Structure formats: structure tokens, C-alpha cells
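Engineer: Contents of coords.cif (mmCIF, C-alpha atoms and all ligand atoms) are below:
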```cif
data_entry
loop_
_atom_site.label_atom_id
_atom_site.label_comp_id
_atom_site.auth_asym_id
_atom_site.auth_seq_id
_atom_site.Cartn_x
_atom_site.Cartn_y
_atom_site.Cartn_z
CA MET Z 140 -11.69 19.68 7.62
CA SER Z 141 -10.64 17.35 10.36
CA GLU Z 142 -7.24 15.85 10.68
CA ILE Z 143 -6.55 13.17 13.23
CA ILE Z 144 -2.88 12.42 13.79
CA THR Z 145 -1.91 9.95 16.50
CA GLU Z 146 1.20 10.09 18.63
CA THR Z 147 2.70 7.12 16.75
CA MET Z 148 2.20 8.94 13.47
CA VAL Z 149 3.81 12.09 14.77
CA ASP Z 150 6.78 10.04 16.05
CA THR Z 151 7.15 8.31 12.69
CA MET Z 152 6.91 11.56 10.75
CA VAL Z 153 9.38 13.29 13.04
CA ASP Z 154 11.81 10.32 12.81
CA THR Z 155 11.56 10.34 9.03
CA MET Z 156 12.09 14.09 8.81
CA VAL Z 157 15.00 14.03 11.25
CA GLU Z 158 16.65 11.19 9.29
CA ALA Z 159 16.17 13.00 5.98
CA VAL Z 160 17.40 16.35 7.29
CA SER Z 161 20.44 14.84 8.99
CA ASP Z 162 21.44 13.18 5.72
CA VAL Z 163 21.08 16.39 3.80
CA VAL Z 164 23.03 18.33 6.43
CA SER Z 165 25.78 15.70 6.50
CA GLY Z 166 26.21 15.81 2.73
CA ALA Z 167 24.09 12.70 2.30
CA VAL Z 168 26.81 10.29 1.35
CA ILE Z 169 25.12 6.93 1.13
CA ALA Z 170 27.73 4.23 1.52
CA ALA Z 171 27.28 1.13 -0.54
CA PRO Z 172 29.00 -1.64 1.38
CA GLY Z 173 30.32 -4.28 -0.94
CA LEU Z 174 29.18 -2.51 -4.08
CA ALA Z 175 31.71 -1.22 -6.57
CA SER Z 176 30.67 0.92 -9.51
CA GLY Z 177 26.98 1.22 -8.64
CA GLY Z 178 27.55 2.73 -5.18
CA VAL Z 179 26.23 6.24 -4.66
CA GLN Z 180 29.06 8.56 -3.70
CA GLY Z 181 27.19 11.80 -3.14
CA LEU Z 182 23.79 13.30 -3.62
CA ASP Z 183 24.20 16.78 -5.01
CA TYR Z 184 21.58 18.71 -6.91
CA SER Z 185 24.00 19.31 -9.77
CA PRO Z 186 22.98 20.96 -13.06
CA GLU Z 187 23.08 17.47 -14.65
CA VAL Z 188 20.70 16.08 -12.03
CA ALA Z 189 18.42 19.08 -12.49
CA THR Z 190 18.31 18.46 -16.25
CA ARG Z 191 17.78 14.72 -15.95
CA THR Z 192 14.92 15.13 -13.45
CA ALA Z 193 13.17 18.14 -14.98
CA ASP Z 194 10.48 16.06 -16.70
CA LEU Z 195 9.83 14.12 -13.52
CA TYR Z 196 9.33 17.35 -11.60
CA GLY Z 197 6.77 18.32 -14.22
CA ARG Z 198 4.70 15.30 -13.16
CA VAL Z 199 4.53 16.30 -9.49
CA ALA Z 200 4.90 20.09 -9.57
CA ALA Z 201 1.26 20.56 -8.60
CA VAL Z 202 1.81 18.92 -5.20
CA ILE Z 203 5.56 19.26 -4.45
CA PRO Z 204 6.83 22.81 -3.85
CA GLU Z 205 9.81 23.83 -5.99
CA PHE Z 206 12.05 24.37 -2.97
CA GLU Z 207 11.72 20.69 -1.96
CA TRP Z 208 12.84 19.35 -5.33
CA PRO Z 209 16.61 19.91 -4.86
CA VAL Z 210 16.43 17.57 -1.84
CA MET Z 211 14.41 14.90 -3.63
CA ALA Z 212 15.87 15.02 -7.15
CA PRO Z 213 19.34 13.57 -6.35
CA TYR Z 214 17.70 10.56 -4.67
CA ILE Z 215 15.29 10.08 -7.56
CA ASP Z 216 18.10 10.33 -10.09
CA ALA Z 217 20.29 7.85 -8.19
CA ILE Z 218 17.41 5.40 -7.68
CA ASN Z 219 16.45 5.41 -11.35
CA ARG Z 220 20.06 4.86 -12.42
CA LEU Z 221 20.72 2.06 -9.92
CA LYS Z 222 17.44 0.33 -10.70
CA ALA Z 223 18.54 -0.17 -14.30
CA GLU Z 224 22.09 -1.24 -13.28
CA ARG Z 225 20.83 -3.84 -10.82
CA ASN Z 226 17.88 -5.10 -12.91
CA ALA Z 227 15.57 -4.10 -10.08
CA VAL Z 228 11.91 -3.19 -10.28
CA ILE Z 229 10.01 -0.95 -7.86
CA LEU Z 230 6.41 -1.97 -7.24
CA ALA Z 231 4.65 0.84 -5.38
CA HIS Z 232 1.35 0.88 -3.55
CA ASN Z 233 -1.19 3.62 -4.23
CA TYR Z 234 -0.48 5.11 -0.77
CA MET Z 235 3.12 6.03 -1.55
CA THR Z 236 3.93 9.73 -1.57
CA PRO Z 237 3.94 11.38 -5.03
CA GLU Z 238 7.74 11.56 -5.40
CA ILE Z 239 7.85 7.75 -5.03
CA TYR Z 240 4.61 6.95 -6.88
CA HIS Z 241 5.22 9.25 -9.85
CA CYS Z 242 9.03 9.48 -10.02
CA VAL Z 243 10.68 6.15 -9.15
CA ALA Z 244 7.98 3.44 -9.27
CA ASP Z 245 7.96 1.12 -12.27
CA ARG Z 246 4.49 -0.22 -11.56
CA VAL Z 247 1.82 1.09 -9.18
CA GLY Z 248 -1.44 -0.33 -7.92
CA ASP Z 249 -3.54 -1.80 -5.13
CA SER Z 250 -2.57 -4.92 -3.17
CA LEU Z 251 -4.11 -7.24 -5.75
CA ALA Z 252 -2.35 -5.55 -8.66
CA LEU Z 253 0.99 -5.56 -6.81
CA ALA Z 254 0.67 -9.31 -6.20
CA ARG Z 255 -0.12 -9.84 -9.90
CA MET Z 256 2.78 -7.61 -10.97
CA ALA Z 257 5.11 -9.64 -8.75
CA THR Z 258 4.30 -12.72 -10.86
CA GLU Z 259 4.96 -10.87 -14.13
CA THR Z 260 8.36 -9.27 -13.63
CA ASP Z 261 11.65 -10.44 -15.15
CA ALA Z 262 13.68 -8.33 -12.73
CA ASP Z 263 16.18 -10.04 -10.41
CA ILE Z 264 15.32 -7.74 -7.50
CA ILE Z 265 11.83 -6.66 -6.50
CA ILE Z 266 11.63 -3.63 -4.22
CA VAL Z 267 8.19 -3.26 -2.70
CA ALA Z 268 7.44 0.36 -1.88
CA GLY Z 269 4.67 -0.57 0.48
CA VAL Z 270 4.27 -2.37 3.78
CA HIS Z 271 5.85 -5.60 4.97
CA PHE Z 272 2.97 -7.97 4.15
CA MET Z 273 3.03 -6.75 0.54
CA ALA Z 274 6.73 -7.61 0.26
CA GLU Z 275 6.08 -11.01 1.85
CA THR Z 276 3.38 -11.68 -0.73
CA ALA Z 277 5.82 -10.79 -3.53
CA LYS Z 278 8.40 -13.17 -2.02
CA ILE Z 279 5.86 -15.98 -1.65
CA LEU Z 280 5.14 -15.64 -5.37
CA ASN Z 281 8.84 -15.34 -6.29
CA PRO Z 282 10.80 -17.53 -3.89
CA GLU Z 283 13.86 -17.49 -6.17
CA LYS Z 284 14.07 -13.69 -6.45
CA THR Z 285 15.48 -11.12 -4.05
CA VAL Z 286 12.57 -9.19 -2.56
CA LEU Z 287 13.33 -6.09 -0.51
CA VAL Z 288 11.23 -3.84 1.68
CA PRO Z 289 12.86 -0.44 2.32
CA ASP Z 290 11.78 -0.35 5.99
CA GLN Z 291 11.14 -3.61 7.80
CA LEU Z 292 9.10 -1.80 10.45
CA ALA Z 293 6.52 -0.82 7.84
CA GLY Z 294 3.79 -2.96 9.38
CA CYS Z 295 0.01 -2.89 9.32
CA SER Z 296 -2.51 -2.90 12.18
CA LEU Z 297 -4.47 -5.62 10.39
CA ALA Z 298 -1.48 -7.89 9.82
CA SER Z 299 -0.45 -7.56 13.46
CA SER Z 300 -3.96 -8.29 14.76
CA ILE Z 301 -3.85 -12.05 14.12
CA THR Z 302 -1.46 -15.01 14.19
CA GLY Z 303 -1.36 -18.44 12.60
CA ALA Z 304 -2.28 -19.93 16.00
CA ASP Z 305 -5.44 -17.76 16.06
CA VAL Z 306 -6.43 -19.20 12.68
CA ARG Z 307 -5.91 -22.76 13.93
CA ARG Z 308 -8.11 -22.03 16.96
CA LEU Z 309 -10.90 -20.69 14.72
CA ARG Z 310 -10.67 -23.75 12.47
CA ALA Z 311 -11.14 -25.97 15.52
CA GLN Z 312 -14.14 -23.86 16.55
CA TYR Z 313 -15.75 -23.99 13.07
CA PRO Z 314 -14.70 -27.33 11.57
CA GLY Z 315 -14.97 -27.55 7.80
CA VAL Z 316 -15.65 -23.84 7.28
CA PRO Z 317 -13.20 -22.32 4.74
CA VAL Z 318 -10.84 -19.64 6.05
CA VAL Z 319 -10.58 -16.59 3.82
CA SER Z 320 -7.84 -14.17 4.92
CA TYR Z 321 -7.24 -10.65 3.79
CA VAL Z 322 -3.91 -10.29 2.00
CA ASN Z 323 -3.07 -7.79 4.79
CA THR Z 324 -1.75 -10.69 6.92
CA THR Z 325 1.61 -12.29 7.67
CA ALA Z 326 2.89 -15.28 5.69
CA ASP Z 327 2.20 -17.37 8.79
CA VAL Z 328 -1.53 -16.52 8.66
CA LYS Z 329 -1.68 -17.00 4.89
CA ALA Z 330 -0.14 -20.46 5.35
CA GLU Z 331 -3.01 -21.41 7.69
CA SER Z 332 -5.70 -20.02 5.34
CA ASP Z 333 -7.56 -21.61 2.44
CA TYR Z 334 -7.85 -18.44 0.38
CA CYS Z 335 -6.54 -14.90 0.39
CA ILE Z 336 -8.63 -11.94 -0.67
CA THR Z 337 -7.97 -8.29 -1.25
CA SER Z 338 -10.47 -5.47 -1.15
CA GLY Z 339 -10.35 -5.69 -4.97
CA ASN Z 340 -11.80 -9.21 -5.24
CA ALA Z 341 -13.22 -10.16 -1.82
CA VAL Z 342 -16.92 -10.34 -2.72
CA GLU Z 343 -16.21 -12.11 -6.00
CA LEU Z 344 -13.99 -14.70 -4.32
CA VAL Z 345 -16.44 -15.45 -1.49
CA ASN Z 346 -19.29 -15.84 -4.02
CA SER Z 347 -17.19 -18.15 -6.18
CA LEU Z 348 -16.66 -20.70 -3.40
CA GLY Z 349 -20.13 -22.25 -3.55
CA VAL Z 350 -20.35 -22.61 0.26
CA ASP Z 351 -22.87 -21.37 2.85
CA ARG Z 352 -20.38 -20.04 5.40
CA VAL Z 353 -16.85 -18.68 5.44
CA ILE Z 354 -14.55 -17.36 8.16
CA CYS Z 355 -13.30 -13.96 7.01
CA LEU Z 356 -10.17 -12.62 8.76
CA PRO Z 357 -8.98 -10.33 10.21
CA ASP Z 358 -10.68 -7.05 9.14
CA LYS Z 359 -14.10 -6.79 10.78
CA TYR Z 360 -15.16 -3.91 8.54
CA LEU Z 361 -14.15 -5.54 5.28
CA ALA Z 362 -15.90 -8.72 6.48
CA GLN Z 363 -19.06 -6.74 7.32
CA TYR Z 364 -18.92 -5.12 3.90
CA ILE Z 365 -18.62 -8.55 2.22
CA ALA Z 366 -21.56 -9.77 4.34
CA SER Z 367 -23.64 -6.85 3.05
CA GLN Z 368 -22.91 -7.87 -0.56
CA THR Z 369 -23.42 -11.65 -0.45
CA ASP Z 370 -25.81 -14.36 0.76
CA VAL Z 371 -22.90 -16.37 2.16
CA GLU Z 372 -22.81 -16.28 5.98
CA ILE Z 373 -19.62 -14.53 7.12
CA ILE Z 374 -17.94 -15.32 10.42
CA ILE Z 375 -16.25 -12.03 11.15
CA GLY Z 376 -12.72 -11.38 12.53
CA GLU Z 377 -11.84 -8.70 15.05
CA GLY Z 378 -9.10 -6.61 13.42
CA ALA Z 379 -9.35 -3.10 12.00
CA CYS Z 380 -7.25 -0.73 9.95
CA GLU Z 381 -6.04 2.05 12.23
CA VAL Z 382 -6.31 4.54 9.36
CA HIS Z 383 -9.78 3.76 7.99
CA GLU Z 384 -11.50 3.06 11.29
CA ARG Z 385 -11.05 6.72 12.25
CA PHE Z 386 -13.35 8.05 9.54
CA THR Z 387 -16.88 8.84 10.75
CA ALA Z 388 -20.23 9.25 9.01
CA GLN Z 389 -20.55 12.68 10.69
CA GLU Z 390 -17.30 13.74 9.03
CA ILE Z 391 -18.70 12.70 5.62
CA ALA Z 392 -21.92 14.62 6.33
CA ASP Z 393 -19.88 17.71 7.29
CA TYR Z 394 -17.88 17.53 4.05
CA ARG Z 395 -21.09 17.21 2.03
CA THR Z 396 -22.54 20.26 3.76
CA GLY Z 397 -19.49 22.31 2.89
CA HIS Z 398 -19.22 21.08 -0.73
CA ASP Z 399 -22.24 20.98 -3.02
CA GLY Z 400 -22.24 18.08 -5.48
CA LEU Z 401 -19.46 16.24 -3.64
CA VAL Z 402 -18.98 12.61 -4.72
CA VAL Z 403 -17.76 10.43 -1.83
CA ILE Z 404 -15.82 7.25 -2.57
CA ALA Z 405 -14.64 5.02 0.27
CA HIS Z 406 -12.40 2.06 0.97
CA PRO Z 407 -14.15 -1.05 2.39
CA GLU Z 408 -11.88 -0.98 5.47
CA CYS Z 409 -14.05 1.93 6.73
CA PRO Z 410 -16.82 1.36 9.32
CA PRO Z 411 -20.26 0.43 7.91
CA ASP Z 412 -21.88 3.82 8.59
CA VAL Z 413 -19.09 5.53 6.61
CA LEU Z 414 -19.59 3.12 3.72
CA GLY Z 415 -23.35 3.74 3.98
CA ALA Z 416 -22.68 7.46 3.59
CA ALA Z 417 -20.50 6.96 0.48
CA ASP Z 418 -21.55 6.98 -3.18
CA PHE Z 419 -19.09 4.25 -4.17
CA VAL Z 420 -17.07 1.62 -2.28
CA GLY Z 421 -13.96 -0.06 -3.68
CA SER Z 422 -10.30 -0.96 -3.37
CA THR Z 423 -7.70 1.76 -3.90
CA ALA Z 424 -7.44 0.76 -7.59
CA LYS Z 425 -11.21 0.84 -8.02
CA MET Z 426 -11.36 4.26 -6.37
CA SER Z 427 -8.70 5.53 -8.73
CA ASP Z 428 -10.52 4.02 -11.74
CA PHE Z 429 -13.76 5.62 -10.56
CA VAL Z 430 -12.20 9.08 -10.81
CA LYS Z 431 -10.52 8.31 -14.15
CA THR Z 432 -13.66 6.98 -15.79
CA ARG Z 433 -16.48 8.96 -14.14
CA HIS Z 434 -14.73 12.36 -14.01
CA PRO Z 435 -16.55 13.70 -10.93
CA GLU Z 436 -16.35 17.47 -10.60
CA LYS Z 437 -15.57 17.25 -6.89
CA VAL Z 438 -14.53 14.10 -5.06
CA LEU Z 439 -13.65 13.03 -1.53
CA MET Z 440 -11.58 9.85 -1.28
CA VAL Z 441 -12.17 8.27 2.11
CA THR Z 442 -8.82 6.54 2.43
CA GLU Z 443 -5.13 7.21 3.10
CA CYS Z 444 -3.93 10.74 2.51
CA SER Z 445 -1.34 10.33 -0.27
CA MET Z 446 -3.81 8.59 -2.53
CA SER Z 447 -5.63 11.87 -3.26
CA ASP Z 448 -2.35 13.55 -4.25
CA ASN Z 449 -1.47 10.72 -6.64
CA VAL Z 450 -4.88 10.51 -8.26
CA ALA Z 451 -5.26 14.32 -8.38
CA LEU Z 452 -2.06 14.59 -10.44
CA GLU Z 453 -3.57 12.25 -13.03
CA ASN Z 454 -6.98 13.96 -13.00
CA PRO Z 455 -6.40 17.72 -12.96
CA GLU Z 456 -9.97 18.49 -13.98
CA THR Z 457 -11.38 17.00 -10.76
CA GLU Z 458 -11.36 18.97 -7.51
CA PHE Z 459 -10.23 16.88 -4.53
CA VAL Z 460 -11.60 17.55 -1.07
CA ARG Z 461 -8.99 16.07 1.22
CA PRO Z 462 -9.34 14.52 4.62
CA CYS Z 463 -5.83 13.56 5.70
CA ASN Z 464 -5.55 10.28 7.58
CA LEU Z 465 -1.97 9.10 7.18
CA CYS Z 466 -0.86 5.48 7.43
CA PRO Z 467 2.24 5.68 9.65
CA HIS Z 468 3.49 2.37 8.23
CA MET Z 469 3.24 3.37 4.58
CA LYS Z 470 4.88 6.70 5.43
CA ARG Z 471 7.99 4.87 6.66
CA ILE Z 472 8.89 4.29 3.01
CA THR Z 473 11.00 7.20 1.77
CA LEU Z 474 13.26 7.91 -1.20
CA GLU Z 475 16.26 7.61 1.07
CA LYS Z 476 15.26 4.15 2.26
CA ILE Z 477 14.52 2.98 -1.30
CA LEU Z 478 18.01 4.11 -2.29
CA ASN Z 479 19.44 2.24 0.68
CA SER Z 480 17.62 -0.88 -0.51
CA LEU Z 481 19.30 -0.57 -3.89
CA THR Z 482 22.76 0.13 -2.52
CA SER Z 483 22.88 -2.26 0.40
CA GLY Z 484 20.17 -4.84 -0.26
CA THR Z 485 18.12 -3.91 2.80
CA HIS Z 486 15.80 -5.37 3.97
CA GLU Z 487 15.57 -8.76 2.35
CA ILE Z 488 12.45 -10.82 2.94
CA ILE Z 489 13.51 -14.27 4.12
CA LEU Z 490 10.84 -16.92 4.67
CA GLU Z 491 11.01 -20.68 5.18
CA THR Z 492 10.35 -22.65 2.00
CA GLU Z 493 7.73 -24.85 3.61
CA LEU Z 494 5.84 -21.81 4.95
CA MET Z 495 5.97 -20.11 1.55
CA ASP Z 496 4.72 -23.25 -0.19
CA ARG Z 497 1.67 -23.39 2.08
CA ALA Z 498 1.00 -19.64 1.88
CA ARG Z 499 1.35 -19.67 -1.93
CA LEU Z 500 -1.70 -21.91 -2.31
CA ALA Z 501 -3.95 -19.30 -0.67
CA VAL Z 502 -2.39 -16.43 -2.63
CA GLU Z 503 -2.60 -18.26 -5.98
CA ARG Z 504 -6.26 -19.10 -5.37
CA MET Z 505 -6.82 -15.38 -4.85
CA LEU Z 506 -5.03 -14.52 -8.10
CA ALA Z 507 -7.17 -17.05 -9.97
CA VAL Z 508 -10.23 -14.89 -9.21
CA SER Z 509 -10.27 -11.86 -11.46
CA GLY Z 510 -11.29 -8.95 -9.20
P1 LIG E 1 -5.89 -1.97 -1.41
O1 LIG E 1 -5.73 -3.43 -1.66
O2 LIG E 1 -7.28 -1.48 -1.72
O3 LIG E 1 -4.84 -1.21 -2.12
O4 LIG E 1 -5.74 -1.71 0.15
C1 LIG E 1 -4.54 -1.95 0.82
C2 LIG E 1 -4.49 -1.28 2.09
O5 LIG E 1 -3.59 -1.45 2.86
C3 LIG E 1 -5.60 -0.40 2.39
O6 LIG E 1 -5.43 0.17 3.61
FE1 LIG E 2 -2.59 -1.49 7.13
FE2 LIG E 2 -4.44 0.39 7.23
FE3 LIG E 2 -1.93 1.08 6.74
FE4 LIG E 2 -3.37 -0.24 4.89
S1 LIG E 2 -3.73 1.80 5.66
S2 LIG E 2 -1.27 -0.70 5.53
S3 LIG E 2 -4.62 -1.58 6.19
S4 LIG E 2 -2.70 0.16 8.64
#
```
Represent the structure contained in this file as C-alpha cells.
Structural biologist:
Amino acid sequence: MSEIITETMVDTMVDTMVEAVSDVVSGAVIAAPGLASGGVQGLDYSPEVATRTADLYGRVAAVIPEFEWPVMAPYIDAINRLKAERNAVILAHNYMTPEIYHCVADRVGDSLALARMATETDADIIIVAGVHFMAETAKILNPEKTVLVPDQLAGCSLASSITGADVRRLRAQYPGVPVVSYVNTTADVKAESDYCITSGNAVELVNSLGVDRVICLPDKYLAQYIASQTDVEIIIGEGACEVHERFTAQEIADYRTGHDGLVVIAHPECPPDVLGAADFVGSTAKMSDFVKTRHPEKVLMVTECSMSDNVALENPETEFVRPCNLCPHMKRITLEKILNSLTSGTHEIILETELMDRARLAVERMLAVSG
């Protein structure tokens, strides 16, 4: 098994661990400025907390060691209580760690599903347990609601690879050609785009446009994958996902050699030779559905690390072979930061109305296509 961990990832993981440990050591009193009854006064693993969270531990016991639960359970208990008090909903991406995905999330899914869920909720507060662009998308669809992201530094190498000005330059270079942007972009880029796509509906959306050419931004690998699935000419961007671009076809071949009958399923953000070596290509939701419906005996999910844990818990009969490429941005989201969001309203997504109005057009056109 190969594991590639960059310096940035190590820094992020160390920061997160140091923050968590220092809170535990200091008694983990999370102040709730300006909040009266709902504020969290202390985070003890009391017998009451143990009882209230016992069922939740049952959901994740296969991947979370028992000795870690007393640290996590008080946060989980406090989050679930405060969520109800504040009429807040937690929408969590498939890459969240199991204690978030299985124990505090109200709804889980891929980027497309999270955007849809954001249009369906009655909650006053939406907490996006995911990266910044996902929270921006939720805000664009719910300008009147409070949308929070637990860590505002939870970015994305794709979202930071392009600006609105870059889109305007490309439009000038290819007049009249529609701009289709991955949802993994900032609100600024969405506002300059004609359509958004996610990995869950990209091919379908491009085919539905009835045009000969589109500009597809910013992920070069997703764009190449779309090009391989359609007759529409694709003008390809230059960005890449720092997590998926590290997988190699050789790595897939090595896993197959070591595991007879291995089924390989990959995310379209991977390089073309990796996708060529896979048995199935799809968004995180489609990968998860593949396991649920096809019941492979042994599977390798070529995507972010936590996804295998989450899907494995729901499919105990399948053996998971696990490469572990972590997304350092997704891993910034922790129980502690989600609790901080609930107690202190951090970090609220604020966008200009005019920008949101323009970006919403592209996002709503994406939602109109089923995927
Ligand atoms: P999905 O839309 O497939 O969940 O992908 C989001 C993402 O960030 C993948 O890296
Ligand atoms: Fe962005 Fe890649 Fe992380 Fe997804 S996995 S949020 S595309 S950096």
C-alpha cells in the first residue's frame, strides 16, 4: 500500500491534533459568547453522555477505537443537542470523518446532493461540514439563511486555481462558447459562468446543451473525462485536485496484483490513465451507490481516504482495500469546530447580493439537470 502525505497535510493534521488535545487537556470549556442557555459549559464524558451516545458509537465502532470515544462523545452529544435548540442542520460531504458523517450529520452526500439538500431545508442555520465552496453554494441558494462553515480555511486546490477574471479572459478568447464550471469554484467564478456542473451530472449537462463546443473549467481531468464521454468539443481548463491527481495507474495495477478479484472504482478527478485502469468511474455518491447496489466482494475506492471508512460502515460484507490520500482541506473540519459554529456562529458565509444573484443562475441550471 502506498500512502502519500504532503507537508501541508502533515501541518494541518498536526494543527488539528494539537488543537484537539489542548482543549481536552484544558478541560475543553467552549465559551459561547452572547449565548445564554444553549452555551456549552463543559465537555465531560459523564455517565449520561455515555448513555446518550451509546447507539451512535455502535454505528462507528468498527472504525473508531473505544479509547477515542470519551474524547469525541461529549462533542457529539453537545452538537446534537444544540442543533435542535438552534434549528440548525448539518449537511456533510462524503469525505467527512466517520464521527461527523455518522454521528452528527443530518444529511450526507456528494456536492450535487448537498446543493440540492440546501434548497430543501427548513432550518434557520445551515452548517456545511465540507469545504468553503460547498458552503458558498449553500448560501447562494439560501441568501436569507445563515450559512456557516466550521473552518474558513477549508479550501480546495480546484477552487483556488481560477478567478472570475480568468473566466472573462477565456470568454474573450472563445466568443459565444458556453462556460461550464465545476461546482468546486468560488462564487466569483460561478457568477462569470453559464452553467455549473458536478462530477455527478457533468456529462449529462454538457450533452443537454445542444452545442458543439464548451469551455469546461477548471479541472483538467474532469474535463478530459467528459471529453471521453461526449461528442461535444471540450476546451479544457488547467486546474487539478491535489488529492486525486496523486493516484497512478501503476498503483492500481499493484493493488490488483495483491488482491484477486478486486473491483476498482474511481472519481473522475483522477488522471485519465487511472480512470482507464478502473472498473467504474463516478462521483462520490455514485461510488457509494455502486458498492451498495453491486455488493463487490473486494473494492478499492480511488478517492479521498475517509470515504472508504464511511461506506465500509454501511457495507460490512464488502472488503475495502484502502489507499489513503487525505484532503487536507476536508480534514480541517472537526467536531470541535462544528461545535464552535453552533455556539459562536463561526464562520458565516457573507456574499454580495448581486454576486449571488449572478452565481445562482449557473447553480440553478445545474440543479435542473438530474444527474
Ligand atoms: P463529489 O461531487 O463527487 O462529491 O466530489 C467533490 C470533491 O470535492 C471531490 O474531490
Ligand atoms: Fe478540492 Fe480535491 Fe479536496 Fe475535493 S478532494 S475538496 S477537489 S482538494
Engineer: Between atom CA of Z:Phe386 and atom CA of Z:Val199, what is the distance in Å, rounded to a tenth?
Structural biologist: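 So the two atoms, atom CA of Z:Phe386 and atom CA of Z:Val199, lie 27.4 Å apart.
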Engineer: Taking into account all atoms listed in the file, which residue in the set Z:Leu474, Z:Met256, Z:Val318, Z:Ile404 is nearest to Z:Gly376?
Structural biologist: Z:Val318
Engineer: What's the 10 Å shell around Z:Leu490, counting all atoms listed in the file, without same-chain residues fewer than 2 positions away, as a list of chain:residue names?
Structural biologist: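 Result of the neighbour search: Z:Glu275, Z:Lys278, Z:Ile279, Z:Pro282, Z:Ala326, Z:Asp327, Z:Glu487, Z:Ile488, Z:Thr492, Z:Glu493, Z:Leu494, Z:Met495.
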Engineer: Which residues are near ligand LIG 1 (chain E) - at most 7 Å, using only C-alpha atoms and all ligand atoms? Format: as number ranges by chain.
Structural biologist: Z: 232-233, 248-251, 323, 337-339, 380, 406, 408, 422-424
Engineer: Let me have all residues with an atom within 6 Å of ligand LIG 2 (chain E), counting all atoms listed in the file, laid out as a list of chain:residue names.
Structural biologist: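 Taking all atoms listed in the file into account, the residues around ligand LIG 2 (chain E) at most 6 Å away are Z:Cys295, Z:Ser296, Z:Leu297, Z:Cys380, Z:Glu381, Z:Val382, Z:Cys466, Z:His468.
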Engineer: Write the selection just made, keeping C-alpha atoms, as a compact mmCIF listing (two decimals), keeping the file's coordinate frame?
Structural biologist:
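The resulting file, selection.txt, is reproduced below:
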```txt
# COMPACT_ATOMS: atom_id res chain seq x y z
CA CYS Z 295 0.01 -2.89 9.32
CA SER Z 296 -2.51 -2.90 12.18
CA LEU Z 297 -4.47 -5.62 10.39
CA CYS Z 380 -7.25 -0.73 9.95
CA GLU Z 381 -6.04 2.05 12.23
CA VAL Z 382 -6.31 4.54 9.36
CA CYS Z 466 -0.86 5.48 7.43
CA HIS Z 468 3.49 2.37 8.23
```
Engineer: Would you mind listing, for every residue of stretch 226-330 of chain Z within 10 Å of stretch 351-361 of chain Z, the two atoms forming the shortest contact and the distance between them in Å to one decimal, using all atoms listed in the file, sorted by chain and ascending residue number, as CSV?
Structural biologist:
```
residue,atom,partner,partner_atom,distance
Z:Ser296,CA,Z:Asp358,CA,9.7
Z:Leu297,CA,Z:Asp358,CA,6.5
Z:Ala298,CA,Z:Pro357,CA,7.9
Z:Ser299,CA,Z:Pro357,CA,9.5
Z:Ser300,CA,Z:Pro357,CA,7.1
Z:Ile301,CA,Z:Pro357,CA,6.7
Z:Thr302,CA,Z:Pro357,CA,9.7
Z:Val306,CA,Z:Leu356,CA,8.5
Z:Leu309,CA,Z:Ile354,CA,8.2
Z:Arg310,CA,Z:Ile354,CA,8.6
Z:Tyr313,CA,Z:Ile354,CA,8.3
Z:Gly315,CA,Z:Val353,CA,9.4
Z:Val316,CA,Z:Val353,CA,5.6
Z:Pro317,CA,Z:Val353,CA,5.2
Z:Val318,CA,Z:Ile354,CA,4.8
Z:Val319,CA,Z:Cys355,CA,4.9
Z:Ser320,CA,Z:Leu356,CA,4.8
Z:Tyr321,CA,Z:Leu356,CA,6.1
Z:Val322,CA,Z:Leu356,CA,9.5
Z:Asn323,CA,Z:Pro357,CA,8.4
Z:Thr324,CA,Z:Pro357,CA,8.0
Z:Val328,CA,Z:Leu356,CA,9.5
```
Engineer: Go through Z:Glu458, Z:Gly303, Z:Lys431, Z:Ala311 one by one, measure the shortest atom-to-atom distance of each to Z:Ser332 using only C-alpha atoms, and give the residue with the smallest value.
Structural biologist: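 Selected residue with least distance to Z:Ser332: Z:Gly303.
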Engineer: Which is closest to Z:Val228 among Z:Thr285, Z:Leu439, Z:Thr276, Z:Gly181, if we use all atoms listed in the file?
Structural biologist: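 Ranking Z:Thr285, Z:Leu439, Z:Thr276, Z:Gly181 by distance to Z:Val228, first place goes to Z:Thr285.
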Engineer: Of the candidates Z:Arg220, Z:His271, Z:Arg191, Z:His383, which shows the shortest atom-to-atom distance to Z:Thr442, using only C-alpha atoms?
Structural biologist: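 When distances to Z:Thr442 are compared using only C-alpha atoms, the smallest one comes from Z:His383.
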Engineer: For atom CA of Z:Leu452 and atom CA of Z:Glu475, determine how far apart the two atoms are, in Å to one decimal place.
Structural biologist: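 Those two atoms sit 22.7 Å apart.
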Engineer: Between atom CA of Z:Glu205 and atom CA of Z:Val247, measure the distance and give it in Å to one decimal.
Structural biologist: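 Separating atom CA of Z:Glu205 from atom CA of Z:Val247 is a distance of 24.3 Å.
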Engineer: What would the list of residues within 12 Å of (14.3, 17.1, -2.1) (file frame) look like as a ChimeraX atom specification, if only C-alpha atoms are what count?
Structural biologist: /Z:156,159-160,162-163,167,182-184,188-189,192,196,203-216,238-239,473-475
Engineer: Rebuild N, CA and C atoms on stretch 232-243 of chain Z, as a tab-separated table (two decimals), keeping the file's coordinate frame?
Structural biologist:
```tsv
chain	number	residue	atom	x	y	z
Z	232	HIS	N	2.78	0.84	-3.89
Z	232	HIS	CA	1.35	0.88	-3.55
Z	232	HIS	C	0.79	2.28	-3.77
Z	233	ASN	N	-0.50	2.34	-3.98
Z	233	ASN	CA	-1.19	3.62	-4.23
Z	233	ASN	C	-1.04	4.63	-3.09
Z	234	TYR	N	-0.63	4.19	-1.89
Z	234	TYR	CA	-0.48	5.11	-0.77
Z	234	TYR	C	0.91	5.73	-0.67
Z	235	MET	N	1.79	5.40	-1.60
Z	235	MET	CA	3.12	6.03	-1.55
Z	235	MET	C	3.00	7.52	-1.85
Z	236	THR	N	3.94	8.29	-1.31
Z	236	THR	CA	3.93	9.73	-1.57
Z	236	THR	C	4.25	9.99	-3.06
Z	237	PRO	N	3.83	11.15	-3.58
Z	237	PRO	CA	3.94	11.38	-5.03
Z	237	PRO	C	5.35	11.26	-5.60
Z	238	GLU	N	6.39	11.64	-4.84
Z	238	GLU	CA	7.74	11.56	-5.40
Z	238	GLU	C	8.17	10.10	-5.60
Z	239	ILE	N	7.58	9.18	-4.83
Z	239	ILE	CA	7.85	7.75	-5.03
Z	239	ILE	C	6.92	7.22	-6.13
Z	240	TYR	N	5.64	7.49	-5.96
Z	240	TYR	CA	4.61	6.95	-6.88
Z	240	TYR	C	4.85	7.41	-8.31
Z	241	HIS	N	5.13	8.71	-8.49
Z	241	HIS	CA	5.22	9.25	-9.85
Z	241	HIS	C	6.65	9.32	-10.40
Z	242	CYS	N	7.67	9.22	-9.53
Z	242	CYS	CA	9.03	9.48	-10.02
Z	242	CYS	C	9.99	8.29	-9.98
Z	243	VAL	N	9.74	7.29	-9.13
Z	243	VAL	CA	10.68	6.15	-9.15
Z	243	VAL	C	10.00	4.79	-9.33
```
